[in-house]
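**Student:** I have a structure here, written as structure tokens, and I will follow up with some questions on it.
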Amino acid sequence: MKSLRIVTISFVSVLLVSLASCTTVDRGWSRNGLSTPNGRPSNFQATTNYAIHLACGYIPLWGDASMEGSLKGFTEKAREGGAAKYEITNVEAENYCMGLLGLTILPIIITPMKTTVYGHTYAR
């Protein structure tokens with residue numbers, strides 16, 4: 001039983017370090033003829049930042065999944081997609097400070113975080 005716990009903790013640790021400082025972007029192109037109050041968007045974008053922070057998410061260690069870092073990542077990816085304007089519709093932030101696989105001490109010190117910013121982007 002103890003060896004299974006060690007293998008699980010090792011696997012999760014490697015997975016978290018490999019995902020740290022990672023940004024993913026999903027874009028939706030179909031509007032089905034509908035528009036927003038600001039006009040017709042060129043696409044709907046969801047940008048997710050994964051990072052490892054210290055002290056329950058207060059200090060970025062690997063990557064930056066804070067609100068500021070995630071908004072910066074959203075705008076950078078929107079510009080790469082050719083957007084001139086954007087509209088944020090939702091933000092979801094998760095930190096795993098209160099425990100991960102039954103461990104409570106380690107996540108308080110080193111905290112995995114995930115923040116997703118959703119919004120419309122408008123072409124030039």
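The chains in the structure tokens are called A, B, ... from first to last as shown; in each chain the residues are counted from 1, and the ligands are counted from 1 in the order shown.
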Neighbours of A:Thr75 within 10 Å (only C-alpha atoms; same-chain residues fewer than 6 positions away dropped), as a list of chain:residue names?

**Tutor:**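 Everything that qualifies: A:Thr47, A:Gly81, A:Ala83, A:Ala84, A:Lys85, A:Tyr86, A:Ile88, A:Val117, A:Thr121.
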
**Student:** Near A:Ser66, within 10 Å and counting only C-alpha atoms, which residues show up once chain neighbours fewer than 5 positions away are dropped, as a short mmCIF file (atom, residue, chain, number, x, y, z; two decimals) with C-alpha atoms, in the first residue's frame?

**Tutor:**
```cif
data_model
loop_
_atom_site.label_atom_id
_atom_site.label_comp_id
_atom_site.auth_asym_id
_atom_site.auth_seq_id
_atom_site.Cartn_x
_atom_site.Cartn_y
_atom_site.Cartn_z
CA ASN A 49 -3.04 28.83 -17.84
CA TYR A 50 -1.49 26.12 -15.67
CA ALA A 51 1.15 27.05 -13.10
CA HIS A 53 2.56 28.91 -7.17
CA GLY A 57 -1.29 30.85 -5.01
CA TYR A 58 0.14 34.18 -3.90
CA ILE A 59 3.62 33.92 -5.43
CA PRO A 60 4.16 32.49 -8.95
CA LEU A 71 -5.51 38.08 -18.69
CA LYS A 72 -2.11 38.82 -20.20
CA ALA A 93 -9.74 30.20 -11.24
CA GLU A 94 -8.88 27.07 -9.29
CA ASN A 95 -6.09 26.46 -6.83
CA MET A 113 -3.21 26.46 -10.11
CA LYS A 114 -5.41 26.61 -13.19
CA THR A 115 -7.12 29.74 -14.52
#
```

**Student:** Quote the spacing between atom CA of A:Ile52 and atom CA of A:Ala78 in Å to one decimal place.

**Tutor:**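 One can read the atom CA of A:Ile52 to atom CA of A:Ala78 distance as 23.7 Å.
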
**Student:** Pick out the closest residue to A:Glu76 from this set: A:Ala123, A:Gly28, A:Ile110, A:Thr23. Count only C-alpha atoms.

**Tutor:**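 Once distances to A:Glu76 are computed over only C-alpha atoms, the minimum belongs to A:Thr23.
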
**Student:** Compile the contact shell of A:Arg27 as an mmCIF file with N, CA and C atoms, in the first residue's frame: residues with an atom at most 8 Å away, counting only C-alpha atoms, same-chain residues fewer than 6 positions apart removed.

**Tutor:**
```cif
data_model
loop_
_atom_site.group_PDB
_atom_site.id
_atom_site.type_symbol
_atom_site.label_atom_id
_atom_site.label_comp_id
_atom_site.auth_asym_id
_atom_site.auth_seq_id
_atom_site.Cartn_x
_atom_site.Cartn_y
_atom_site.Cartn_z
ATOM 1 N N ASN A 43 -14.329 35.175 -33.221
ATOM 2 C CA ASN A 43 -14.382 33.854 -32.591
ATOM 3 C C ASN A 43 -14.608 33.984 -31.096
ATOM 4 N N PHE A 44 -14.855 32.841 -30.470
ATOM 5 C CA PHE A 44 -14.944 32.728 -29.020
ATOM 6 C C PHE A 44 -13.688 32.023 -28.564
ATOM 7 N N GLN A 45 -13.003 32.579 -27.584
ATOM 8 C CA GLN A 45 -11.703 32.049 -27.173
ATOM 9 C C GLN A 45 -11.725 31.684 -25.693
ATOM 10 N N ALA A 46 -11.139 30.541 -25.376
ATOM 11 C CA ALA A 46 -10.937 30.114 -23.990
ATOM 12 C C ALA A 46 -9.447 29.841 -23.816
#
```

**Student:** For a test of reading the model, state the distance in Å between atom CA of A:Pro112 and atom CA of A:Glu80, rounded to one decimal.

**Tutor:**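 A separation of 26.8 Å between them.
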
**Student:** Nearest to A:Asn90: which of A:Tyr118, A:Thr48, A:Phe74, A:Pro37 is it, counting only C-alpha atoms?

**Tutor:**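 Using only C-alpha atoms, A:Asn90 sits closest to A:Tyr118.
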
**Student:** When DSSP is applied to the backbone of this structure, which of stretch 5-101 of chain A are assigned alpha helix (DSSP H)? Write them out as an MDAnalysis selection string.

**Tutor:** chainID A and resid 5:19 67:80

**Student:** Take atom CA of A:Ala65 and atom CA of A:Gly119 and report the distance between them in Å, one decimal.

**Tutor:** 16.9 Å

**Student:** Between A:Leu4, A:Thr111, A:Ser21, A:His120, which one has atoms that come closest to A:Thr36, using only C-alpha atoms?

**Tutor:**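 Answer, going by the shortest atom-to-atom distance: A:His120.
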
**Student:** Using only C-alpha atoms for the distances, tell me which of A:Trp29, A:Arg40, A:Tyr96, A:Val91 is nearest to A:Glu68.

**Tutor:**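 So, comparing all the options, the nearest one is A:Val91.
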